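Dropping query24.pdb in here (PDB, C-alpha atoms):
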```pdb
ATOM      1  CA  MET A 142       0.000   0.000   0.000
ATOM      2  CA  ASN A 143       3.057   2.292   0.236
ATOM      3  CA  ASP A 144       1.964   5.596   1.788
ATOM      4  CA  LEU A 145      -1.717   4.983   1.147
ATOM      5  CA  GLY A 146      -4.085   3.570   3.716
ATOM      6  CA  LEU A 147      -6.660   0.825   3.486
ATOM      7  CA  MET A 148      -7.942   0.011   0.022
ATOM      8  CA  CYS A 149     -10.828  -1.954  -1.435
ATOM      9  CA  MET A 150     -12.124  -2.636  -4.936
ATOM     10  CA  LEU A 151     -15.692  -3.165  -6.086
ATOM     11  CA  ALA A 152     -16.183  -5.689  -8.898
ATOM     12  CA  LEU A 153     -18.814  -4.408 -11.350
ATOM     13  CA  GLU A 154     -20.932  -6.056 -14.027
ATOM     14  CA  ALA A 155     -20.145  -3.174 -16.398
ATOM     15  CA  PRO A 156     -18.276   0.146 -16.401
ATOM     16  CA  VAL A 157     -19.972   3.117 -14.733
ATOM     17  CA  ALA A 158     -19.527   6.861 -14.423
ATOM     18  CA  LEU A 159     -19.352   7.884 -10.783
ATOM     19  CA  ASP A 160     -22.303  10.019  -9.669
ATOM     20  CA  PRO A 161     -21.217  12.407  -6.879
ATOM     21  CA  GLN A 162     -24.751  13.380  -5.891
ATOM     22  CA  ALA A 163     -25.987   9.783  -5.781
ATOM     23  CA  ILE A 164     -23.007   8.721  -3.656
ATOM     24  CA  LEU A 165     -23.538  11.666  -1.301
ATOM     25  CA  ALA A 166     -27.198  10.666  -0.924
ATOM     26  CA  ALA A 167     -26.227   7.033  -0.263
ATOM     27  CA  LEU A 168     -23.757   8.158   2.408
ATOM     28  CA  SER A 169     -26.680   9.644   4.344
ATOM     29  CA  ASP A 170     -27.771   6.027   4.882
ATOM     30  CA  THR A 171     -24.405   4.331   5.391
ATOM     31  CA  ALA A 172     -22.797   7.165   7.422
ATOM     32  CA  PRO A 173     -25.816   8.995   8.880
ATOM     33  CA  ARG A 174     -23.994  10.761  11.726
ATOM     34  CA  SER A 175     -20.774  11.564   9.864
ATOM     35  CA  ASN A 176     -19.596  14.799   8.296
ATOM     36  CA  VAL A 177     -19.120  13.970   4.614
ATOM     37  CA  ALA A 178     -18.086  15.751   1.426
ATOM     38  CA  VAL A 179     -17.911  14.405  -2.132
ATOM     39  CA  GLU A 180     -15.970  16.293  -4.805
ATOM     40  CA  PRO A 181     -15.387  15.367  -8.458
ATOM     41  CA  ARG A 182     -11.661  15.281  -9.183
ATOM     42  CA  THR A 183     -12.070  16.902 -12.595
ATOM     43  CA  GLY A 184     -15.063  19.094 -11.809
ATOM     44  CA  ALA A 185     -17.252  17.220 -14.300
ATOM     45  CA  GLU A 186     -20.625  15.922 -13.168
ATOM     46  CA  ASP A 187     -19.863  12.454 -14.520
ATOM     47  CA  ALA A 188     -16.262  12.424 -13.307
ATOM     48  CA  ARG A 189     -14.471   9.108 -13.200
ATOM     49  CA  GLY A 190     -12.634  10.147 -10.061
ATOM     50  CA  LEU A 191     -13.916  11.509  -6.744
ATOM     51  CA  PHE A 192     -12.374  12.829  -3.553
ATOM     52  CA  VAL A 193     -14.460  11.901  -0.501
ATOM     53  CA  THR A 194     -14.068  13.032   3.108
ATOM     54  CA  ILE A 195     -15.756  11.187   5.967
ATOM     55  CA  ASP A 196     -15.142  12.585   9.457
ATOM     56  CA  ARG A 197     -11.804  14.151   8.388
ATOM     57  CA  GLN A 198     -10.648  10.977   6.682
ATOM     58  CA  ASP A 199      -9.901  11.379   2.979
ATOM     59  CA  PHE A 200     -10.467   8.791   0.255
ATOM     60  CA  ALA A 201      -9.859   8.651  -3.477
ATOM     61  CA  VAL A 202     -12.478   6.874  -5.608
ATOM     62  CA  ILE A 203     -11.649   5.892  -9.187
ATOM     63  CA  ALA A 204     -13.787   4.022 -11.745
ATOM     64  CA  GLU A 205     -12.020   1.798 -14.251
ATOM     65  CA  ASP A 206     -13.306  -0.008 -17.344
ATOM     66  CA  PHE A 207     -11.318  -3.184 -16.669
ATOM     67  CA  ALA A 208     -11.594  -6.039 -14.187
ATOM     68  CA  ILE A 209      -9.817  -6.198 -10.837
ATOM     69  CA  PRO A 210      -6.256  -7.186 -11.715
ATOM     70  CA  ASP A 211      -4.360 -10.207 -10.521
ATOM     71  CA  PRO A 212      -2.648 -11.088  -8.265
ATOM     72  CA  ALA A 213      -4.947  -9.172  -5.862
ATOM     73  CA  LEU A 214      -8.144 -10.837  -7.069
ATOM     74  CA  ALA A 215      -6.662 -14.319  -7.530
ATOM     75  CA  GLU A 216      -5.283 -14.311  -3.997
ATOM     76  CA  ALA A 217      -8.576 -13.122  -2.526
ATOM     77  CA  ILE A 218     -10.520 -15.793  -4.423
ATOM     78  CA  GLU A 219      -8.102 -18.467  -3.246
ATOM     79  CA  HIS A 220      -8.443 -17.667   0.453
ATOM     80  CA  SER A 221     -12.094 -16.560   0.789
ATOM     81  CA  GLY A 222     -13.524 -20.010   1.408
ATOM     82  CA  PHE A 223     -16.699 -18.908   3.178
ATOM     83  CA  TRP A 224     -18.206 -17.634  -0.121
ATOM     84  CA  ARG A 225     -18.663 -20.802  -2.147
ATOM     85  CA  ASN A 226     -19.720 -19.459  -5.566
ATOM     86  CA  ARG A 227     -17.232 -16.576  -5.622
ATOM     87  CA  ARG A 228     -15.414 -17.854  -8.720
ATOM     88  CA  ALA A 229     -18.573 -18.030 -10.829
ATOM     89  CA  VAL A 230     -19.800 -14.596  -9.718
ATOM     90  CA  LEU A 231     -16.479 -12.849 -10.225
ATOM     91  CA  ALA A 232     -16.037 -14.404 -13.660
ATOM     92  CA  GLN A 233     -18.910 -12.113 -14.734
ATOM     93  CA  HIS A 234     -17.322  -8.825 -13.713
ATOM     94  CA  ARG A 235     -16.013  -6.475 -16.389
ATOM     95  CA  ALA A 236     -15.113  -3.296 -14.523
ATOM     96  CA  MET A 237     -14.118  -2.016 -11.086
ATOM     97  CA  ILE A 238     -14.131   0.905  -8.688
ATOM     98  CA  ALA A 239     -11.047   1.363  -6.495
ATOM     99  CA  ILE A 240     -11.371   3.176  -3.167
ATOM    100  CA  SER A 241      -8.287   4.066  -1.130
ATOM    101  CA  ALA A 242      -7.585   6.059   2.009
ATOM    102  CA  THR A 243      -5.027   8.751   1.245
ATOM    103  CA  GLU A 244      -3.191   8.363   4.576
ATOM    104  CA  ARG A 245      -1.723   5.266   6.176
ATOM    105  CA  VAL A 246      -2.503   4.737   9.869
ATOM    106  CA  THR A 247      -1.713   1.941  12.326
ATOM    107  CA  GLY A 248      -2.934   0.958  15.748
ATOM    108  CA  HIS A 249      -6.185  -0.508  16.955
ATOM    109  CA  GLY A 250      -8.324   2.620  17.290
ATOM    110  CA  LEU A 251      -7.027   4.584  14.296
ATOM    111  CA  LEU A 252      -7.088   1.708  11.813
ATOM    112  CA  ARG A 253     -10.486   0.510  12.988
ATOM    113  CA  ALA A 254     -11.862   4.015  12.434
ATOM    114  CA  GLN A 255     -10.407   4.056   8.925
ATOM    115  CA  ALA A 256     -11.835   0.600   8.201
ATOM    116  CA  VAL A 257     -15.266   1.757   9.382
ATOM    117  CA  ALA A 258     -15.141   4.849   7.162
ATOM    118  CA  LEU A 259     -13.956   2.831   4.156
ATOM    119  CA  THR A 260     -16.724   0.271   4.676
ATOM    120  CA  ARG A 261     -19.340   3.032   4.896
ATOM    121  CA  LEU A 262     -18.026   4.583   1.670
ATOM    122  CA  ALA A 263     -17.788   1.255  -0.177
ATOM    123  CA  ALA A 264     -21.384   0.448   0.761
ATOM    124  CA  ALA A 265     -22.540   3.851  -0.495
ATOM    125  CA  VAL A 266     -20.676   3.506  -3.803
ATOM    126  CA  ALA A 267     -21.962  -0.062  -4.249
ATOM    127  CA  ALA A 268     -25.533   1.201  -3.827
ATOM    128  CA  THR A 269     -25.076   3.410  -6.902
ATOM    129  CA  ALA A 270     -23.358   0.893  -9.201
ATOM    130  CA  PRO A 271     -23.911  -2.682 -10.503
ATOM    131  CA  ALA A 272     -21.611  -4.134  -7.847
ATOM    132  CA  LEU A 273     -21.083  -7.885  -7.633
ATOM    133  CA  ALA A 274     -18.430  -8.157  -4.950
ATOM    134  CA  LEU A 275     -15.995  -6.347  -2.685
ATOM    135  CA  CYS A 276     -12.282  -7.167  -2.562
ATOM    136  CA  TRP A 277     -10.482  -5.855   0.557
ATOM    137  CA  VAL A 278      -6.845  -5.622  -0.478
ATOM    138  CA  SER A 279      -4.888  -5.762   2.801
ATOM    139  CA  SER A 280      -6.733  -8.874   3.982
ATOM    140  CA  ALA A 281      -7.004 -10.625   0.591
ATOM    141  CA  THR A 282     -10.720 -11.204   1.153
ATOM    142  CA  VAL A 283     -13.633 -11.089  -1.258
ATOM    143  CA  VAL A 284     -17.316 -11.018  -0.269
ATOM    144  CA  PRO A 285     -20.578 -10.596  -2.201
ATOM    145  CA  ALA A 286     -21.787  -7.018  -2.524
ATOM    146  CA  VAL A 287     -24.844  -7.752  -0.360
ATOM    147  CA  ARG A 288     -22.450  -8.337   2.554
ATOM    148  CA  LEU A 289     -21.770  -4.588   2.637
ATOM    149  CA  ALA A 290     -25.307  -3.695   3.707
ATOM    150  CA  GLN A 291     -25.080  -6.277   6.482
ATOM    151  CA  ALA A 292     -21.718  -4.832   7.538
ATOM    152  CA  ILE A 293     -23.260  -1.365   7.889
ATOM    153  CA  ASP A 294     -25.946  -2.763  10.200
ATOM    154  CA  GLU A 295     -23.246  -4.472  12.269
ATOM    155  CA  ILE A 296     -21.211  -1.264  12.556
ATOM    156  CA  LYS A 297     -24.296   0.649  13.680
ATOM    157  CA  ALA A 298     -24.698  -1.958  16.450
ATOM    158  CA  GLU A 299     -20.961  -1.607  17.325
ATOM    159  CA  ARG A 300     -20.130  -5.070  16.017
ATOM    160  CA  TRP A 301     -17.217  -5.271  13.649
ATOM    161  CA  PRO A 302     -17.270  -6.978  10.201
ATOM    162  CA  VAL A 303     -13.888  -8.598  10.663
ATOM    163  CA  ASP A 304     -14.527 -11.059   7.824
ATOM    164  CA  LEU A 305     -14.062  -8.076   5.478
ATOM    165  CA  TRP A 306     -11.104  -6.515   7.269
ATOM    166  CA  ILE A 307      -9.077  -9.625   8.195
ATOM    167  CA  GLY A 308      -8.372 -12.632   6.009
ATOM    168  CA  CYS A 309      -7.478 -16.223   6.874
ATOM    169  CA  ILE A 310      -4.943 -18.505   5.229
ATOM    170  CA  ALA A 311      -5.536 -22.195   5.898
ATOM    171  CA  GLN A 312      -2.692 -24.370   7.168
ATOM    172  CA  ARG A 313      -3.093 -28.141   6.718
ATOM    173  CA  THR A 314      -0.746 -30.873   7.910
ATOM    174  CA  ARG A 315      -0.706 -34.353   9.469
ATOM    175  CA  ASP A 316       0.732 -35.616  12.727
ATOM    176  CA  ALA A 317       3.028 -38.629  13.220
ATOM    177  CA  ALA A 318      -0.011 -40.938  13.163
ATOM    178  CA  LYS A 319      -1.105 -39.437   9.797
ATOM    179  CA  GLN A 320      -4.075 -37.762  11.466
ATOM    180  CA  ARG A 321      -5.198 -34.692   9.540
ATOM    181  CA  LEU A 322      -4.646 -31.404  11.377
ATOM    182  CA  ALA A 323      -6.002 -27.953  10.508
ATOM    183  CA  GLY A 324      -4.730 -24.533  11.492
ATOM    184  CA  ALA A 325      -4.880 -21.029  10.071
ATOM    185  CA  ARG A 326      -3.142 -17.686  10.074
ATOM    186  CA  SER A 327      -4.651 -14.253   9.700
ATOM    187  CA  ARG A 328      -3.789 -11.685   7.080
ATOM    188  CA  GLY A 329      -4.273  -8.004   7.813
ATOM    189  CA  ALA A 330      -4.589  -8.249  11.612
ATOM    190  CA  ALA A 331      -1.162  -6.797  12.417
ATOM    191  CA  GLY A 332      -2.191  -3.228  11.674
ATOM    192  CA  TYR A 333      -4.940  -3.438  14.287
ATOM    193  CA  PHE A 334      -3.291  -5.555  16.988
ATOM    194  CA  GLY A 335       0.434  -5.295  16.303
ATOM    195  CA  ALA A 336       0.495  -9.001  15.407
ATOM    196  CA  GLU A 337      -1.107 -11.553  13.131
ATOM    197  CA  ILE A 338      -3.210 -14.328  14.695
ATOM    198  CA  GLU A 339      -2.166 -17.949  14.269
ATOM    199  CA  ILE A 340      -4.070 -21.073  15.241
ATOM    200  CA  PHE A 341      -1.645 -23.928  15.860
ATOM    201  CA  PRO A 342      -2.911 -26.960  13.870
ATOM    202  CA  PHE A 343      -5.204 -29.350  15.756
ATOM    203  CA  ALA A 344      -7.380 -32.337  14.917
ATOM    204  CA  THR A 345     -10.878 -31.358  13.780
ATOM    205  CA  SER A 346     -13.537 -32.710  11.452
ATOM    206  CA  ASP A 347     -14.442 -29.147  10.428
ATOM    207  CA  LEU A 348     -11.527 -27.823   8.378
ATOM    208  CA  SER A 349     -13.006 -24.306   8.485
ATOM    209  CA  GLU A 350     -12.964 -24.255  12.311
ATOM    210  CA  PRO A 351      -9.511 -22.597  12.628
ATOM    211  CA  ALA A 352     -10.596 -19.728  10.353
ATOM    212  CA  LYS A 353     -13.774 -19.297  12.398
ATOM    213  CA  ILE A 354     -11.676 -19.154  15.583
ATOM    214  CA  ILE A 355      -9.465 -16.479  14.039
ATOM    215  CA  LEU A 356     -12.441 -14.334  13.054
ATOM    216  CA  ASN A 357     -14.110 -14.773  16.454
ATOM    217  CA  THR A 358     -10.847 -13.870  18.178
ATOM    218  CA  ALA A 359     -10.353 -10.881  15.877
ATOM    219  CA  GLY A 360     -13.878  -9.703  16.647
ATOM    220  CA  TYR A 361     -13.166  -9.922  20.373
ATOM    221  CA  LEU A 362      -9.846  -8.065  20.062
ATOM    222  CA  MET A 363     -11.402  -5.477  17.734
ATOM    223  CA  ALA A 364     -13.989  -4.691  20.398
ATOM    224  CA  HIS A 365     -11.767  -4.853  23.473
ATOM    225  CA  GLY A 366      -8.190  -4.327  22.286
ATOM    226  CA  SER A 367      -5.235  -6.699  22.435
ATOM    227  CA  HIS A 368      -4.764  -6.881  26.197
ATOM    228  CA  LEU A 369      -4.341 -10.624  26.648
ATOM    229  CA  ARG A 370      -1.281 -11.872  28.529
ATOM    230  CA  ALA A 371       0.897 -14.831  27.605
ATOM    231  CA  GLY A 372      -0.370 -17.923  29.395
ATOM    232  CA  GLN A 373      -3.985 -16.780  29.536
ATOM    233  CA  VAL A 374      -6.781 -19.055  28.376
ATOM    234  CA  LEU A 375      -9.206 -17.645  25.834
ATOM    235  CA  GLN A 376     -12.629 -19.209  25.365
ATOM    236  CA  LEU A 377     -15.234 -17.312  23.411
ATOM    237  CA  PRO A 378     -18.914 -18.358  23.607
ATOM    238  CA  GLY A 379     -19.426 -21.741  21.989
ATOM    239  CA  GLY A 380     -15.743 -22.133  21.190
ATOM    240  CA  ARG A 381     -12.770 -24.203  22.272
ATOM    241  CA  ARG A 382     -10.500 -23.338  25.149
ATOM    242  CA  MET A 383      -7.385 -21.865  23.573
ATOM    243  CA  GLY A 384      -4.047 -21.183  25.202
ATOM    244  CA  PHE A 385      -2.678 -17.755  24.338
ATOM    245  CA  ASP A 386       0.914 -16.768  23.604
ATOM    246  CA  ARG A 387       2.548 -13.823  21.868
ATOM    247  CA  LEU A 388       5.678 -14.302  19.773
ATOM    248  CA  PRO A 389       7.905 -11.367  18.785
ATOM    249  CA  ALA A 390       8.543 -10.290  15.215
ATOM    250  CA  THR A 391      11.502 -12.005  13.564
ATOM    251  CA  ASP A 392      13.416 -11.524  10.311
ATOM    252  CA  GLY A 393      10.846  -9.178   8.819
ATOM    253  CA  ASP A 394       7.873 -11.342   9.812
ATOM    254  CA  PRO A 395       5.252  -9.696  12.043
ATOM    255  CA  ALA A 396       4.680 -10.640  15.659
ATOM    256  CA  LEU A 397       2.220 -13.478  16.265
ATOM    257  CA  ILE A 398      -0.711 -13.955  18.586
ATOM    258  CA  ARG A 399      -0.635 -17.744  18.785
ATOM    259  CA  LEU A 400      -3.604 -19.770  19.987
ATOM    260  CA  GLN A 401      -3.334 -23.469  20.717
ATOM    261  CA  SER A 402      -6.281 -25.796  21.359
ATOM    262  CA  ILE A 403      -6.390 -27.137  24.921
ATOM    263  CA  PRO A 404      -7.756 -30.714  25.108
ATOM    264  CA  PRO A 405     -10.695 -31.200  27.511
ATOM    265  CA  GLY A 406      -9.551 -31.844  31.063
ATOM    266  CA  GLU A 407      -6.111 -30.292  30.640
ATOM    267  CA  PRO A 408      -5.152 -27.119  32.524
ATOM    268  CA  GLY A 409      -4.679 -23.988  30.428
ATOM    269  CA  ALA A 410      -1.230 -23.327  29.158
ATOM    270  CA  ALA A 411      -0.054 -21.795  25.918
TER     271      ALA A 411
END
```
Would you mind writing the file's structure down as C-alpha cells?
Amino acid sequence: MNDLGLMCMLALEAPVALDPQAILAALSDTAPRSNVAVEPRTGAEDARGLFVTIDRQDFAVIAEDFAIPDPALAEAIEHSGFWRNRRAVLAQHRAMIAISATERVTGHGLLRAQAVALTRLAAAVAATAPALALCWVSSATVVPAVRLAQAIDEIKAERWPVDLWIGCIAQRTRDAAKQRLAGARSRGAAGYFGAEIEIFPFATSDLSEPAKIILNTAGYLMAHGSHLRAGQVLQLPGGRRMGFDRLPATDGDPALIRLQSIPPGEPGAA
C-alpha cells in the first residue's frame, strides 16, 4: 500500500460513471452521523474520479473499465472459502471501482476508524453501481456485494465486520499418526493488533474451524483491544479453550498472537 491507507475494490458487471450526488445521498444512509463531502476530481458531473471526506478521513475513488487485476483478485478468491460461488460470480465482472484512504494509519483505534469509514463509503458507492463483490486488499478477502449492507448494520450496532477486514490462510498438515490437522493464520490483523493471529494446527472434522476461531478472536480483540497476557486461556462463547501466547517479530515477519487448542480436562497453558 506504500503511503496509502486501506484500500478496497468493487467488482462491477459493467463500467460506470461515478455520480457524486448519488453517492452523497447514499452516504446519508451508510454514514448517517458523519460529516461527509464528495468532490469530483475533474469538476465534471460524470467524473471518473472523486475525492471523498468522511469525518476528516480522505479517500480517493476511481472508476475503471477493466476487471480487478491479478494477483490481488486471484489471492482473494483463493483464500475466501466462506463464499462458495465466488469464482462463478467474479467471472462475470467487467469493470471495477477502487477506493483508497489517502493516509496510512496503524494501531487498533485509528485503523479501525479508517476501516469503518472505508466500509461506509464502499457500501454507499456499491448502492449506486452494478456491484457484484468487494475485494479488501490488505486482507485478501472477497465477499458478495450484499455483505456490505449487512456490515453497515453491524457497525451501527458496534459489532465489527472482521470477515471483510481480516483474512485467513488455511494451514493443513498431518501428525506422526497421519491424522489430519487444521490450522490457520490471519492476514491483515497486524495493523490493528500489532500481530497476526495464528491457530496452531489441531485435529478437527471441520476444516473451516480454525478460520472461524481467528475471526471470532479478531472480533473480540477489535472490540476490546489486544490486552491478553501470555499464558492466559481464551474461550469465546461456543468455542474451544485456547491457550494464548505472543511471539515477537523475527526476520521481517510480524509478531504473532498464537492460539493453541487445549484438550478437555487439561489445565490452560499456551
Practice problem: Can you give me, as a PyMOL selection string, the residues this file yields under the PyMOL selection byres ((chain A and resi 267-274) around 6)? | Solution: chain A and resi 151-154+263-266+275+284-286
Only C-alpha atoms, please: the residues just picked out, written as a PDB file, in the frame of the given file.
```pdb
ATOM      1  CA  LEU A 151     -15.692  -3.165  -6.086  1.00  0.00           C
ATOM      2  CA  ALA A 152     -16.183  -5.689  -8.898  1.00  0.00           C
ATOM      3  CA  LEU A 153     -18.814  -4.408 -11.350  1.00  0.00           C
ATOM      4  CA  GLU A 154     -20.932  -6.056 -14.027  1.00  0.00           C
ATOM      5  CA  ALA A 263     -17.788   1.255  -0.177  1.00  0.00           C
ATOM      6  CA  ALA A 264     -21.384   0.448   0.761  1.00  0.00           C
ATOM      7  CA  ALA A 265     -22.540   3.851  -0.495  1.00  0.00           C
ATOM      8  CA  VAL A 266     -20.676   3.506  -3.803  1.00  0.00           C
ATOM      9  CA  LEU A 275     -15.995  -6.347  -2.685  1.00  0.00           C
ATOM     10  CA  VAL A 284     -17.316 -11.018  -0.269  1.00  0.00           C
ATOM     11  CA  PRO A 285     -20.578 -10.596  -2.201  1.00  0.00           C
ATOM     12  CA  ALA A 286     -21.787  -7.018  -2.524  1.00  0.00           C
TER      13      ALA A 286
END
```
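If you look at CA of Ile218 in chain A and CA of Ala239 in chain A, they are 17.3 Å away from each other.
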Practice problem: Step by step, work through what the PyMOL selection byres ((chain A and resi 358) around 10) selects in the shown file, and finish by giving those residues as a list in words. | Solution: Val303, Ile338, Ala352, Lys353, Ile354, Ile355, Leu356, Asn357, Ala359, Gly360, Tyr361, Leu362, Met363, Ala364, Leu375, Gln376, Leu377 and Leu400 of chain A
Can you write out the residues you just picked, keeping C-alpha atoms, as an mmCIF file, in the frame of the given file?
```cif
data_model
loop_
_atom_site.group_PDB
_atom_site.id
_atom_site.type_symbol
_atom_site.label_atom_id
_atom_site.label_comp_id
_atom_site.auth_asym_id
_atom_site.auth_seq_id
_atom_site.Cartn_x
_atom_site.Cartn_y
_atom_site.Cartn_z
ATOM 1 C CA VAL A 303 -13.888 -8.598 10.663
ATOM 2 C CA ILE A 338 -3.210 -14.328 14.695
ATOM 3 C CA ALA A 352 -10.596 -19.728 10.353
ATOM 4 C CA LYS A 353 -13.774 -19.297 12.398
ATOM 5 C CA ILE A 354 -11.676 -19.154 15.583
ATOM 6 C CA ILE A 355 -9.465 -16.479 14.039
ATOM 7 C CA LEU A 356 -12.441 -14.334 13.054
ATOM 8 C CA ASN A 357 -14.110 -14.773 16.454
ATOM 9 C CA ALA A 359 -10.353 -10.881 15.877
ATOM 10 C CA GLY A 360 -13.878 -9.703 16.647
ATOM 11 C CA TYR A 361 -13.166 -9.922 20.373
ATOM 12 C CA LEU A 362 -9.846 -8.065 20.062
ATOM 13 C CA MET A 363 -11.402 -5.477 17.734
ATOM 14 C CA ALA A 364 -13.989 -4.691 20.398
ATOM 15 C CA LEU A 375 -9.206 -17.645 25.834
ATOM 16 C CA GLN A 376 -12.629 -19.209 25.365
ATOM 17 C CA LEU A 377 -15.234 -17.312 23.411
ATOM 18 C CA LEU A 400 -3.604 -19.770 19.987
#
```
Quiz item: Pick from A:Met237, A:Leu262, A:Ala232, A:Gly250: nearest to Ala201 in chain A, with only C-alpha atoms counted?
Solution: A:Leu262
Can you build me a table of range 240-333 of chain A residues sitting at most 10 Å from range 385-395 of chain A, with the closest atom pair per residue and its distance in Å to one decimal, using all atoms listed in the file, sorted by chain and residue number, as a tab-separated table?
```
residue	atom	partner	partner_atom	distance
A:Ala330	CA	A:Pro395	CA	10.0
A:Ala331	CA	A:Pro395	CA	7.0
A:Gly332	CA	A:Pro395	CA	9.9
```
Selection above as a file: C-alpha atoms, as a CSV table (one decimal), in the coordinates of the input:
```
chain,number,residue,atom,x,y,z
A,330,ALA,CA,-4.6,-8.2,11.6
A,331,ALA,CA,-1.2,-6.8,12.4
A,332,GLY,CA,-2.2,-3.2,11.7
```
Self-check item: Matched chain/residue IDs from the PyMOL selection byres ((chain A and resi 277) around 9), as number ranges by chain
Solution: A: 147-151, 217, 275-276, 278-284, 305-308
Quiz item: So how many Å separate CA of Ala163 in chain A and CA of Val202 in chain A, to one decimal?
Solution: 13.8 Å
Self-check item: Residue among A:Pro156, A:Phe334, A:Leu348, A:Arg326 lying closest to Gly248 in chain A, counting all atoms listed in the file
Solution: A:Phe334
Exercise. Mind checking which residues fall within 12 Å of Leu145 in chain A, counting all atoms listed in the file, ignoring those fewer than 5 positions away in the same chain, and posting them as a list in words?
Key: Asp199, Phe200, Ala201, Ile240, Ser241, Ala242, Thr243, Glu244, Arg245, Val246, Thr247, Gln255, Val278 and Ser279 of chain A
Quiz item: What is the distance, in Å and to one decimal place, between CA of Pro342 in chain A and CA of Ala323 in chain A?
Solution: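 Calculated distance between CA of Pro342 in chain A and CA of Ala323 in chain A is 4.7 Å.
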Quiz item: Using only C-alpha atoms, which of A:Thr345, A:Phe207, A:Gly372, A:Gly335 sits nearest His249 in chain A?
Solution: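 Once distances to His249 in chain A are computed over only C-alpha atoms, the minimum belongs to A:Gly335.
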Quiz prompt | Given all atoms listed in the file as the counted atoms, nearest of A:Ala298, A:Gln401, A:Phe192, A:Arg261 to Pro173 in chain A | solution =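 The shortest atom-to-atom distance to Pro173 in chain A comes from A:Arg261.
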Quiz item: Pick from A:Pro404, A:Gly324, A:Gly146, A:Gly379: nearest to Ser349 in chain A, with only C-alpha atoms counted?
Solution: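 Of A:Pro404, A:Gly324, A:Gly146, A:Gly379, the one nearest Ser349 in chain A is A:Gly324, counting only C-alpha atoms.
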Practice problem: Compile the contact shell of Lys319 in chain A as a ChimeraX atom specification: residues with an atom at most 12 Å away, counting all atoms listed in the file, same-chain residues fewer than 5 positions apart removed. | Solution: /A:313-314,344
Quiz item: When distances are computed from all atoms listed in the file, which of A:Ala158, A:Ser221, A:Pro302, A:Arg315 shows the smallest separation from Ile238 in chain A?
Solution: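 Of all the options, A:Ala158 lies closest to Ile238 in chain A.
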Quick one: what's the axis-aligned box for range 152-156 of chain A, all listed atoms, 3 Å on every side, centre and edges in Å to one decimal, as lines of an AutoDock Vina configuration file?
```
center_x = -18.6
center_y = -3.0
center_z = -12.6
size_x = 10.7
size_y = 12.2
size_z = 13.5
```
Output of range 154-183 of chain A limited to C-alpha atoms, as a PDB file, in the first residue's frame:
```
ATOM      1  CA  GLU A 154     -20.932  -6.056 -14.027  1.00  0.00           C
ATOM      2  CA  ALA A 155     -20.145  -3.174 -16.398  1.00  0.00           C
ATOM      3  CA  PRO A 156     -18.276   0.146 -16.401  1.00  0.00           C
ATOM      4  CA  VAL A 157     -19.972   3.117 -14.733  1.00  0.00           C
ATOM      5  CA  ALA A 158     -19.527   6.861 -14.423  1.00  0.00           C
ATOM      6  CA  LEU A 159     -19.352   7.884 -10.783  1.00  0.00           C
ATOM      7  CA  ASP A 160     -22.303  10.019  -9.669  1.00  0.00           C
ATOM      8  CA  PRO A 161     -21.217  12.407  -6.879  1.00  0.00           C
ATOM      9  CA  GLN A 162     -24.751  13.380  -5.891  1.00  0.00           C
ATOM     10  CA  ALA A 163     -25.987   9.783  -5.781  1.00  0.00           C
ATOM     11  CA  ILE A 164     -23.007   8.721  -3.656  1.00  0.00           C
ATOM     12  CA  LEU A 165     -23.538  11.666  -1.301  1.00  0.00           C
ATOM     13  CA  ALA A 166     -27.198  10.666  -0.924  1.00  0.00           C
ATOM     14  CA  ALA A 167     -26.227   7.033  -0.263  1.00  0.00           C
ATOM     15  CA  LEU A 168     -23.757   8.158   2.408  1.00  0.00           C
ATOM     16  CA  SER A 169     -26.680   9.644   4.344  1.00  0.00           C
ATOM     17  CA  ASP A 170     -27.771   6.027   4.882  1.00  0.00           C
ATOM     18  CA  THR A 171     -24.405   4.331   5.391  1.00  0.00           C
ATOM     19  CA  ALA A 172     -22.797   7.165   7.422  1.00  0.00           C
ATOM     20  CA  PRO A 173     -25.816   8.995   8.880  1.00  0.00           C
ATOM     21  CA  ARG A 174     -23.994  10.761  11.726  1.00  0.00           C
ATOM     22  CA  SER A 175     -20.774  11.564   9.864  1.00  0.00           C
ATOM     23  CA  ASN A 176     -19.596  14.799   8.296  1.00  0.00           C
ATOM     24  CA  VAL A 177     -19.120  13.970   4.614  1.00  0.00           C
ATOM     25  CA  ALA A 178     -18.086  15.751   1.426  1.00  0.00           C
ATOM     26  CA  VAL A 179     -17.911  14.405  -2.132  1.00  0.00           C
ATOM     27  CA  GLU A 180     -15.970  16.293  -4.805  1.00  0.00           C
ATOM     28  CA  PRO A 181     -15.387  15.367  -8.458  1.00  0.00           C
ATOM     29  CA  ARG A 182     -11.661  15.281  -9.183  1.00  0.00           C
ATOM     30  CA  THR A 183     -12.070  16.902 -12.595  1.00  0.00           C
TER      31      THR A 183
END
```
